[in-house]
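A.B. asks: The structure that follows is given in the form of structure tokens.
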Amino acid sequence: MSAVVQTPPAPRVQVVRWSRTASASVAGFAVLVAVAAAVPMLFVPLVGNRLTALLALVVLAVTWNALAGYAGLVSVGQQGFFGLGAYAVLALSDLGVNAYLSVPLAGVVCALVALPSSLLLFRLRAGQFAIGTWVLAEVFRLLVSRVPQLGAGTGRSLTSTTGVDPALRQALTYWTALAMTVLVLVGAFALLRSRVGIRLQAVRDDENAARSLGVGVTGEKRLVFVLGSGGAGVAGAITLTNSLTAQPDNMFGVQWAALMIFMVVIGGIGAFEGPIIGAVLLFVVQQLFDGLGNWYLVGLGVLAVVATLSAPRGVWGELAHRRGWTAAPLFHDVRWPALPLASGAAARHDAADTTVREEGRR
Amino acid sequence: MRLLDAVVQGCLLGGQYALFAAGLSLMFGVLKVVNLAHGDLGILAAFAAIGLAAGAGLPLALAVGVVLVGMLGIGAALHAGLLARTTGALPQISMIATFGLSVVIGNALQEVFSADPRALDLGWFGTAGVSLGGISVGLLPAAVLAVAVLALTGLHLALTRTAFGRRVRATADDPGTAALVGVDARRTYLVVTALAVGLAGLAGVAYAASSLVTPLAGPSRLIFAFEAVVIGGLGSLWGTLLGAMVLGVAQSVGSVVDPSSGVLVGHLVFLMVLATRPAGLLARARVRA
């Protein structure tokens, strides 16, 4: 009996990294930026002031999510770089640098400070790293409080923009903030979609499997920490050009860490879209409850704790998981052709499975 | 002489930090969770004791006793209600949840008790002291140091000599294997968390007896305790005591050199140890805790 062995043609695996929704969201983003750029010409100055604060929140949330949600670096000390960024604008404008130009420069300064800091902090693991960053933020605060030129403990105002007409100043501040926000969003998206991001997500989703494939990520984590700290510095710089005054206890205050964590946890940790939603939600909450003082922070804390218990994926994570939504695709959607044994049932590695990694652990 | 005095006062201050550090170290060693609300839980205990003693007029010993028992209960509730429920999620989630708790406790205390500094009044004992060769040693700081040494010794003996200690160490090393031989990991975790929060409460009461306390002092207590643990070397209880003293001496000597820079000098010593001896001064001691 002669058996004819037919080897089936090797199945062609398709890797999809883009979707129609993604194209739509990019188009929507472009329109939104264009509309946002026109805001100073349309509305009263106060709106520009508040929107600038929102943009600073977006930058903070996106960069903190890159740290905690992708690189696994839970820092409760990013307020150190936030404050440093604010004070860098003060110092640079004292040296004669244009205040708006010094916003991106402040980010560069913070990234440069973050590099040697990471050499020390990366000796600490997980929870210890968190408190280590907090110590560093305290060191920055105590050091800045000792510099009389920067107003020491009582703080100082940014004076280099006082000559500018207030409406124009507000518009320039807002446009600078918008440009920096777009830069941070596009940069973070490109970074997390690149090889660096893929490796980080692999280690985050299953460290043992990733290591068995030879994926180690210390260099990638350091890169995210340096860039993320630069981003926190930019947010601080934006906040200073908006509020015009800096005071160490406020700029280096741990409440900024609380806000970052709240935005990311409520919006959706480890999903690109999550922190943006979180920033908008926090902004709305701030407009409604800002007069409540400490109770407002108590409320944010309670919400964050409840969210970690009942919806650890956050608002966006839950939506993405249930509806399969992805506006900013960081995934590799691997599509197998119909296998001979299970014809018709194409195994589809869904986007949500790479975005939401708890599934495998439960 | 001033320097010697600063060193002695620093060692006594170290007792306070060691008490805060003991619970933090225990919980991290066993649950691998850094409780970012550890300092705030201590401050909560401090204000509860002040409220019961000064506000409700309870005798001091009774007030402190009630608070400490309450803190054990809060610790058990913290594990059952929060930590045990987040174990399946991302490892970062449980830590983030404790940070949320820290924000809640600190700001709620500020709203209820206002930002005014307060202290636990111990009467004559709070200010009494003896002079040893020209250096005055306060009875209260000495008592706090003694309590810290007792607590660390007790913890050490409990972990090394008792059946409970064996269960804790087994769970800390490998909860899966410990479960195979009949150790209930969940229950062990619950007891350890209760104990750690009880120690935080004890540390908070000692702190409020020794100096003025503000509602938002929790994070700085957490940071000092953490620095003590890292300076001494993770996993070593005696290292924690040594680290707490090194930190206390650094702060106290730093304040002699420049009154406003004590805390900063403490942080810098911590960073120096991290740079030169990242495993701590007493690394690789025998006891894991």
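How things are named: the first chain in the structure tokens is A, the next is B, and so on; residues count from 1 in each chain; ligands count from 1 in the order shown.
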Based on only C-alpha atoms, which of the residues in chain A come within 6 Å of chain B? I want them as a VMD selection string.
C.D. replies: chain A and resid 127 294 298 301 304 to 305 358
A.B. asks: List the spatial neighbours of Leu41 in chain B as a list in words - criterion: any atom at most 8 Å away, only C-alpha atoms, same-chain residues fewer than 6 positions off excluded.
C.D. replies: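 Near Leu41 in chain B, the qualifying residues are Ser102, Ile105, Val197, Ala200, Gly201, Gly204 and Gly218 of chain B.
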A.B. asks: Applying 8 Å and only C-alpha atoms, which residues near Leu281 in chain B remain after dropping the ones on its own chain fewer than 6 positions away? List them as a ChimeraX atom specification.
C.D. replies: /B:231-233,239,243,273
A.B. asks: Find the residues near Leu183 in chain A: any atom within 10 Å, counting only C-alpha atoms, skip ones fewer than 6 places away on the same chain, and give them as an MDAnalysis selection string.
C.D. replies: chainID A and resid 59 177 189 231
A.B. asks: Near Met245 in chain B, within 8 Å and counting only C-alpha atoms, which residues show up once chain neighbours fewer than 5 positions away are dropped, as a list in words?
C.D. replies: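 Selected residues are Gly10, Cys11, Leu12, Leu13, Gly14, Gly15, Tyr17, Ala18 and Ala228 of chain B.
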